[in-house]
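**Student:** Sharing a structure, written as structure tokens. Questions coming.
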Amino acid sequence: MSERPLVRPDEDGVVDISYSGLGEIAEAYRLPCGTDAAFSNPFLEFQATNCRISRIQNLDRCTSLRRLVLRQNLITELRGLGTLSELEEIDLYLNHIREISGLEHKPKLKRLDLSFNRIHSMAGLERFHLPALEELYLVQNRIKEIAGLQAHNLPQLRLLELGSNRIRTLGDNLFEVGGSLEELWLGRNKIVQLPSLHCFRRLKRLSLQSNRLLALGSALEYCRDSLEELYLSHNGISALNGTEMLRNLKLLDLGCNRIARLDDLLDDLQNLEELWLNDNKIDSIEQLRHLSAHAKLRTLYLEGNPLAERLQTQHGNKWYRALVLRVLPMLTQLDAEPIDEETHALADSEHCECLWNREG
């Protein structure tokens, strides 16, 4: 029987057999592990995307590995990584994993992606000390409850992505890591109410898109100095109350809600650069005047509102854009298109002034 061929790392230390059809790890080939002297470059990264791999095996001697990418396979258990203490990233996106396990002895792990698997519970995390972990992705699993987060086990956790699960409440466990989180992504869940994020003083990005929120209340009061991006599209929010204290906010996404008035978008939001209000209930150009004090505002999404639809129907798209620019001359983008010189010229024209007087 002939000896299995050796797969050699490239000059960056990467072995990539993705889409090769080679099957299970190191059965039809050899990896440059341990004391193997047949290669000159260190073996730092192994990529095997879409190879129909069903289990993690034959990596025990690959102790120099820093990055392991086994996306789009058939792996059911997180095993076979016990000796790989140098790993900085594990990416098992789109497999069949059912529980969080096998993460012992990972002092350097910074990024863990278990998105698009079949995980029902996060509780397994509490068994592992991951002192360097900064990013944890658990998108599109079957998680109903936030659990397993311990501040002493995850002291450096900066980003937590739990989008597209079945979470109804944030619960108490999330607050264990609130002090270190800078990004929290909870889109496409079933969250009805947002509690006060009293310990999330470093939070910069918060996504609650496609949930069941009707209002914010004072939930974000303690994030007022840190929050820069807030995503709230596809909820049932009818008023902007709760955003007014966010003095460093740069991007606010409120698309596909029930907002009709902008007078509660207070002048405190002086750093606001992007405002997404598409598909709401704004029906008067007078409401846009409330945005005129926001000197840094550059991007506005207004399409899908009664105002935008009426102006486009009555005057055409170019005059709709010119009228909005006349109210908000600091804009550089309206909806999905940049504002060009022609639109500026139209906004300054006598005809636009006549249209404005009619609307005003």
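Naming scheme: A, B, ... for chains in displayed order of the structure tokens; residues 1 onward per chain; ligands 1 onward as shown.
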Please identify all polymer residues within 7 Å of Val177 in chain A, counting only C-alpha atoms, omitting same-chain residues fewer than 5 positions from it, and present them as a list in words.
**Tutor:**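 Once the adjacent positions are removed, what remains is Leu149, Gln150 and Ala151 of chain A.
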**Student:** Once you count only C-alpha atoms, what closest atom pair and distance in Å to one decimal does each residue of range 232-333 of chain A within 7 Å of range 203-226 of chain A have, with rows by chain and rising residue number, as CSV?
**Tutor:**
residue,atom,partner,partner_atom,distance
A:Leu232,CA,A:Gln209,CA,4.7
A:Ser233,CA,A:Gln209,CA,4.8
A:His234,CA,A:Ser210,CA,4.6
A:Asn235,CA,A:Arg212,CA,5.3
A:Gly236,CA,A:Leu214,CA,4.7
A:Ile237,CA,A:Leu214,CA,4.4
A:Ser238,CA,A:Leu214,CA,6.9
A:Asn241,CA,A:Gly217,CA,6.6
A:Gly242,CA,A:Gly217,CA,5.1
A:Met245,CA,A:Arg224,CA,5.7
A:Leu246,CA,A:Arg224,CA,4.3
A:Arg247,CA,A:Arg224,CA,6.1
A:Asn248,CA,A:Asp225,CA,6.0
**Student:** Select, from A:Asp91, A:Trp356, A:Ile25, A:Arg321, the residue with the minimum atom-to-atom distance to Asp340 in chain A, counting only C-alpha atoms.
**Tutor:** A:Arg321
**Student:** Please determine, counting only C-alpha atoms, which residue among A:Leu78, A:Cys256, A:Ile56, A:Leu44 has the shortest atom-to-atom distance to Asp10 in chain A.
**Tutor:** A:Leu44
**Student:** Would you work out the distance separating CA of Glu135 in chain A from CA of Leu159 in chain A, expressed in Å to one decimal?
**Tutor:**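 If I compute the distance from CA of Glu135 in chain A to CA of Leu159 in chain A, I get 4.7 Å.
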